[in-house]
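Trainee: What follows is query-v7.txt, compact mmCIF, C-alpha atoms.
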```txt
# COMPACT_ATOMS: atom_id res chain seq x y z
CA SER A 375 -20.20 -10.23 1.09
CA GLN A 376 -16.54 -11.22 1.06
CA ASN A 377 -14.79 -11.48 4.39
CA PRO A 378 -12.08 -8.78 4.57
CA ALA A 379 -9.58 -11.47 5.56
CA GLU A 380 -10.12 -13.21 2.21
CA ARG A 381 -9.14 -10.26 0.02
CA GLY A 382 -5.75 -10.44 -1.67
CA SER A 383 -2.70 -8.34 -0.93
CA PHE A 384 1.05 -8.38 -1.53
CA LEU A 385 4.16 -8.09 0.63
CA SER A 386 6.91 -5.65 -0.19
CA THR A 387 9.79 -7.41 -1.90
CA ASP A 388 12.11 -5.64 0.55
CA GLU A 389 10.62 -7.41 3.53
CA ARG A 390 12.29 -10.70 4.24
CA ALA A 391 10.68 -13.64 5.99
CA LEU A 392 11.36 -17.07 7.35
CA VAL A 393 8.44 -19.44 6.98
CA THR A 394 7.92 -23.09 6.15
CA SER A 395 4.93 -25.39 6.00
CA VAL A 396 4.49 -28.38 8.28
CA PRO A 397 5.12 -31.02 7.25
CA ASP A 398 7.60 -30.08 4.53
CA THR A 399 7.30 -32.92 2.04
CA ASN A 400 10.21 -31.56 -0.01
CA CYS A 401 12.62 -31.89 2.89
CA THR A 402 14.77 -35.02 2.71
CA ALA A 403 15.82 -36.92 5.80
CA GLN A 404 19.37 -35.67 5.32
CA GLU A 405 18.20 -32.05 5.14
CA GLU A 406 16.02 -32.54 8.20
CA ASN A 407 18.92 -33.99 10.18
CA ALA A 408 21.14 -31.10 9.09
CA GLY A 409 18.47 -28.67 10.29
CA VAL A 410 18.24 -30.40 13.66
CA GLN A 411 22.01 -30.24 14.05
CA ARG A 412 22.13 -26.58 13.03
CA ARG A 413 19.38 -25.78 15.51
CA ALA A 414 21.30 -27.47 18.32
CA GLU A 415 24.42 -25.46 17.46
CA LEU A 416 22.54 -22.15 17.38
CA ALA A 417 20.80 -22.94 20.68
CA LEU A 418 24.19 -22.85 22.40
CA LEU A 419 24.72 -19.20 21.47
CA GLY A 420 23.88 -16.26 23.69
CA SER A 421 21.02 -14.02 22.64
CA GLN A 422 23.17 -11.26 21.13
CA GLU A 423 25.41 -13.68 19.28
CA LEU A 424 22.37 -15.54 17.96
CA THR A 425 20.81 -12.26 16.85
CA ASP A 426 23.93 -11.34 14.90
CA THR A 427 24.13 -14.81 13.34
CA LEU A 428 20.52 -14.54 12.17
CA ARG A 429 21.14 -11.04 10.86
CA GLN A 430 24.01 -12.31 8.73
CA LEU A 431 21.89 -15.19 7.49
CA LEU A 432 19.06 -12.88 6.44
CA ILE A 433 20.75 -9.70 5.24
CA SER A 434 24.40 -10.73 4.94
CA ASN A 435 26.78 -7.88 5.79
CA ALA A 436 24.08 -5.21 5.97
CA LEU A 437 23.54 -3.66 9.38
CA LEU A 438 20.24 -3.52 11.21
CA LEU A 439 18.44 -0.21 10.94
CA PRO A 440 18.28 1.75 14.22
CA ALA A 441 14.56 1.02 14.61
CA GLN A 442 15.13 -2.69 13.99
CA LYS A 443 17.95 -2.89 16.51
CA ARG A 444 16.08 -0.90 19.15
CA THR A 445 12.96 -3.05 18.79
CA LEU A 446 14.98 -6.28 18.98
CA ASP A 447 16.71 -4.98 22.12
CA VAL A 448 13.35 -4.16 23.73
CA LEU A 449 12.03 -7.62 22.87
CA ASP A 450 15.21 -9.25 24.16
CA GLU A 451 14.58 -7.53 27.49
CA GLY A 452 11.20 -9.25 27.66
CA ASP A 453 9.04 -6.20 26.96
CA SER A 454 6.29 -5.77 24.40
CA ALA A 455 6.59 -3.09 21.72
CA LEU A 456 4.88 -1.08 19.01
CA CYS A 457 7.07 -0.60 15.94
CA VAL A 458 6.12 2.02 13.35
CA MET A 459 8.22 1.72 10.20
CA ALA A 460 7.58 2.60 6.58
CA THR A 461 6.57 -0.21 4.23
CA GLY A 462 9.58 -2.01 2.84
CA ARG A 463 11.91 -1.03 5.68
CA GLY A 464 12.13 -4.53 7.13
CA LYS A 465 9.52 -4.88 9.86
CA SER A 466 9.25 -8.62 9.27
CA LEU A 467 12.97 -9.09 9.86
CA ILE A 468 12.43 -8.03 13.47
CA PHE A 469 9.83 -10.58 14.41
CA HIS A 470 11.40 -13.41 12.44
CA ILE A 471 14.66 -12.97 14.34
CA HIS A 472 12.89 -12.78 17.69
CA ALA A 473 10.66 -15.77 16.96
CA VAL A 474 13.75 -17.85 16.19
CA ARG A 475 15.36 -16.60 19.41
CA ARG A 476 12.29 -17.69 21.39
CA ALA A 477 12.21 -21.08 19.68
CA LEU A 478 15.90 -21.85 20.14
CA LEU A 479 16.61 -20.27 23.52
CA ALA A 480 13.28 -20.63 25.34
CA HIS A 481 11.66 -23.53 23.44
CA THR A 482 8.41 -21.59 23.15
CA ALA A 483 6.17 -20.82 20.18
CA SER A 484 5.19 -17.63 18.35
CA LEU A 485 2.03 -16.54 16.56
CA PHE A 486 2.17 -14.26 13.51
CA VAL A 487 -1.23 -12.62 13.03
CA TYR A 488 -1.83 -11.16 9.56
CA PRO A 489 -4.93 -9.24 8.43
CA LEU A 490 -5.39 -11.30 5.26
CA ARG A 491 -5.33 -14.97 4.39
CA ALA A 492 -3.46 -13.99 1.25
CA LEU A 493 -0.62 -12.62 3.38
CA VAL A 494 -0.47 -15.83 5.41
CA ASN A 495 -0.34 -17.95 2.26
CA ASP A 496 2.13 -15.64 0.53
CA GLN A 497 4.57 -15.87 3.42
CA ALA A 498 4.29 -19.65 3.58
CA HIS A 499 4.65 -20.07 -0.18
CA HIS A 500 7.64 -17.82 -0.76
CA PHE A 501 9.80 -18.48 2.28
CA GLU A 502 9.09 -22.09 3.23
CA SER A 503 12.68 -23.32 3.03
CA ALA A 504 14.52 -20.82 5.25
CA PHE A 505 13.19 -22.04 8.61
CA ALA A 506 13.84 -25.68 7.75
CA ALA A 507 17.54 -24.91 7.27
CA LEU A 508 17.64 -23.83 10.92
CA GLY A 509 15.55 -26.73 12.17
CA VAL A 510 12.78 -24.26 13.05
CA THR A 511 9.29 -25.24 11.94
CA ALA A 512 6.18 -23.24 11.12
CA ALA A 513 2.61 -23.90 10.03
CA THR A 514 -0.40 -21.96 8.79
CA LEU A 515 -3.84 -22.04 10.40
CA THR A 516 -6.73 -20.22 8.74
CA GLY A 517 -10.34 -20.92 7.88
CA GLU A 518 -9.07 -22.73 4.79
CA THR A 519 -7.15 -25.31 6.85
CA ALA A 520 -8.81 -28.74 6.78
CA GLN A 521 -10.12 -30.08 10.08
CA ASP A 522 -7.70 -33.02 10.18
CA ASP A 523 -4.77 -30.70 9.47
CA ARG A 524 -5.91 -28.33 12.23
CA LYS A 525 -5.86 -31.16 14.75
CA LYS A 526 -2.39 -32.24 13.65
CA ILE A 527 -1.01 -28.70 13.85
CA PHE A 528 -2.50 -27.98 17.26
CA ARG A 529 -1.12 -31.30 18.50
CA SER A 530 2.30 -30.44 17.07
CA LEU A 531 2.14 -27.04 18.75
CA ALA A 532 1.42 -28.63 22.12
CA GLU A 533 4.12 -31.27 21.65
CA GLY A 534 6.73 -28.66 20.75
CA SER A 535 7.36 -29.71 17.15
CA VAL A 536 5.97 -26.45 15.71
CA ASP A 537 7.67 -23.18 16.59
CA VAL A 538 5.68 -20.59 14.63
CA ILE A 539 2.06 -20.46 13.48
CA LEU A 540 0.81 -17.96 10.92
CA THR A 541 -2.87 -17.12 11.25
CA THR A 542 -5.55 -14.44 10.96
CA PRO A 543 -7.28 -12.52 13.78
CA GLU A 544 -10.57 -14.25 12.94
CA PHE A 545 -9.10 -17.74 13.28
CA LEU A 546 -7.27 -16.79 16.46
CA SER A 547 -10.45 -15.32 17.89
CA PHE A 548 -12.48 -18.48 17.25
CA HIS A 549 -9.73 -20.87 18.36
CA GLY A 550 -8.04 -18.97 21.16
CA ALA A 551 -8.70 -21.76 23.66
CA GLU A 552 -6.96 -24.32 21.46
CA PHE A 553 -3.91 -22.09 21.12
CA ALA A 554 -3.93 -21.51 24.88
CA GLU A 555 -4.10 -25.23 25.65
CA SER A 556 -0.61 -25.69 24.23
CA LYS A 557 0.87 -23.53 27.04
CA ARG A 558 3.68 -22.66 24.61
CA VAL A 559 2.73 -19.33 23.02
CA SER A 560 5.08 -16.70 24.42
CA PHE A 561 5.26 -14.22 21.52
CA VAL A 562 2.46 -12.76 19.41
CA VAL A 563 3.01 -10.56 16.37
CA ILE A 564 0.21 -8.34 15.14
CA ASP A 565 1.18 -7.23 11.65
CA GLU A 566 -0.55 -4.18 10.13
CA ALA A 567 -1.59 -3.31 13.67
CA HIS A 568 -3.45 -0.14 12.66
CA HIS A 569 -6.40 -2.47 12.00
CA VAL A 570 -6.81 -2.79 15.79
CA GLY A 571 -7.78 0.88 16.06
CA GLN A 572 -10.06 0.60 13.03
CA ALA A 573 -11.78 -2.64 14.03
CA ALA A 574 -15.27 -1.19 14.39
CA ALA A 575 -15.14 0.85 11.20
CA GLU A 576 -13.79 -2.07 9.18
CA GLY A 577 -16.07 -4.68 10.68
CA ARG A 578 -13.05 -6.66 11.90
CA HIS A 579 -14.46 -7.48 15.33
CA ALA A 580 -11.73 -10.07 15.98
CA TYR A 581 -9.24 -7.23 16.37
CA ALA A 582 -11.41 -5.68 19.09
CA LYS A 583 -11.20 -9.01 20.95
CA MET A 584 -7.41 -9.06 20.88
CA PRO A 585 -6.95 -7.98 24.53
CA LEU A 586 -9.18 -10.86 25.68
CA ILE A 587 -7.32 -13.29 23.43
CA LEU A 588 -3.98 -12.19 24.85
CA GLN A 589 -5.35 -12.67 28.35
CA GLN A 590 -6.48 -16.16 27.33
CA LEU A 591 -2.94 -16.87 26.14
CA GLU A 592 -1.66 -15.80 29.58
CA HIS A 593 -0.25 -12.45 28.50
CA PRO A 594 2.47 -13.32 25.98
CA GLN A 595 4.98 -10.77 24.75
CA VAL A 596 3.45 -8.74 21.91
CA LEU A 597 4.97 -6.93 18.96
CA ALA A 598 2.58 -4.71 17.02
CA LEU A 599 3.82 -3.39 13.69
CA THR A 600 2.45 -0.88 11.22
CA ALA A 601 3.58 1.70 8.71
CA THR A 602 1.12 4.26 10.01
CA ALA A 603 -0.44 4.66 13.43
CA LYS A 604 -2.29 7.68 14.80
CA SER A 605 -1.76 8.44 18.48
CA ASP A 606 -5.16 7.00 19.50
CA THR A 607 -4.43 3.79 17.57
CA ALA A 608 -1.01 3.51 19.19
CA LYS A 609 -2.62 3.78 22.63
CA THR A 610 -5.03 1.00 21.71
```
Would you encode the structure as structure tokens?

Mentor:
Amino acid sequence: SQNPAERGSFLSTDERALVTSVPDTNCTAQEENAGVQRRAELALLGSQELTDTLRQLLISNALLLPAQKRTLDVLDEGDSALCVMATGRGKSLIFHIHAVRRALLAHTASLFVYPLRALVNDQAHHFESAFAALGVTAATLTGETAQDDRKKIFRSLAEGSVDVILTTPEFLSFHGAEFAESKRVSFVVIDEAHHVGQAAAEGRHAYAKMPLILQQLEHPQVLALTATAKSDTAKT
């Protein structure tokens, strides 16, 4: 039978993202240098000023929704959070901004955990250029990633040349030790987090292991996001 993580899905066109592949073969040396310079400039900003700069970059003059602003404030204080927002209301904007804040201000890495490989690939395919413009790098790690590429990406993570990794709960479950060895993962995003409460029913046992994985990663900050979450799922 087909692994649930291999089934296709689509992102809402209203949800914006910042993702690039590593290495980006389309990026010229001049563009790479410009990204490095831009990153250095942004790293000098305070957290709130950086947040507003990223907001303008992503949504221009539009204001953050109250739920987006509140969640970003909670994350900025160092706390973990559960964010319940309707599909298409901009959940991804929250964790993209915070991941960039962590990369630029704390020099640590983030993991984006998606329920489907198709979501991982869709993010990487459609938004690969935005992170490069800021000098922030990202990579994908799933069961489809070749062994040599896995080694390169894990090495880049440990060396600090990768800021964000997009993956699935299954891959994270099997390779938690390798992620932990980098000592750089400080922020974990669990997208479509209602799957955590439905792990047994759906046969997604990797979700049930998430508390152990987070312990293995030395208790990073966590943002769980979903459009629907019953009270028992929220407690989970």

Trainee: Please report, as CSV, each residue of region 430-541 of chain A lying at most 8 Å from region 545-557 of chain A, together with the nearest pair of atoms and the separation in Å rounded to one decimal; use all atoms listed in the file, and order rows by chain and ascending residue number.

Mentor:
```
residue,atom,partner,partner_atom,distance
A:Leu515,CA,A:Phe545,CA,7.4
A:Thr516,CA,A:Phe545,CA,5.7
A:Gly517,CA,A:Phe545,CA,6.4
A:Phe528,CA,A:Glu552,CA,7.1
A:Leu531,CA,A:Ser556,CA,6.3
A:Ala532,CA,A:Ser556,CA,4.1
A:Glu533,CA,A:Ser556,CA,7.8
A:Thr541,CA,A:Phe545,CA,6.6
```

Trainee: CA of Leu597 (chain A) and CA of Thr482 (chain A), how far apart in Å?

Mentor: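 Interatomic distance here is 15.6 Å.
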
Trainee: What gap, in Å, lies between CA of Ile527 (chain A) and CA of Ala513 (chain A)?

Mentor: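 Going from CA of Ile527 (chain A) over to CA of Ala513 (chain A), I get 7.1 Å.
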
Trainee: Between CA of Phe561 (chain A) and CA of Ser484 (chain A), what distance in Å does the model show, to one decimal?

Mentor: 4.7 Å

Trainee: At a cut-off of 6 Å, using all atoms listed in the file, what residues contact region 576-590 of chain A? Leave out same-chain residues fewer than 5 positions from it and give the result as a PDB file with C-alpha atoms, in the frame of the given file.

Mentor:
```
ATOM      1  CA  PRO A 543      -7.280 -12.520  13.780  1.00  0.00           C
ATOM      2  CA  GLU A 544     -10.570 -14.250  12.940  1.00  0.00           C
ATOM      3  CA  SER A 547     -10.450 -15.320  17.890  1.00  0.00           C
ATOM      4  CA  VAL A 570      -6.810  -2.790  15.790  1.00  0.00           C
TER       5      VAL A 570
END
```

Trainee: Which is closer to Ser535 (chain A) than all the others in A:His568, A:Ser421, A:Leu478, A:Pro489, using all atoms listed in the file?

Mentor: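 Selected residue with least distance to Ser535 (chain A): A:Leu478.
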
Trainee: Would you list the contacts of region 440-454 of chain A as JSON, numbers by chain, taking every protein, DNA or RNA residue within 8 Å and counting all atoms listed in the file, but skipping same-chain residues closer than 2 positions in sequence?

Mentor: {"A": [421, 438, 456, 457, 459, 464, 465, 467, 468, 472, 595, 596, 597]}

Trainee: Pick the closest to Thr402 (chain A) from A:Ala601, A:Ala414, A:Leu437, A:Ala506: which is it, counting only C-alpha atoms?

Mentor: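 Nearest to Thr402 (chain A): A:Ala506.
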
Trainee: Give as a VMD selection string each residue that has an atom at most 10 Å from (19.5, -27.4, 14.3) in the file, counting only C-alpha atoms.

Mentor: chain A and resid 406 to 417 478 506 to 510

Trainee: For Val538 (chain A), which residue out of A:Thr511, A:Ser560, A:Thr602, A:Gln521 is the nearest one, using only C-alpha atoms?

Mentor: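 For Val538 (chain A), the nearest of the candidates is A:Thr511.
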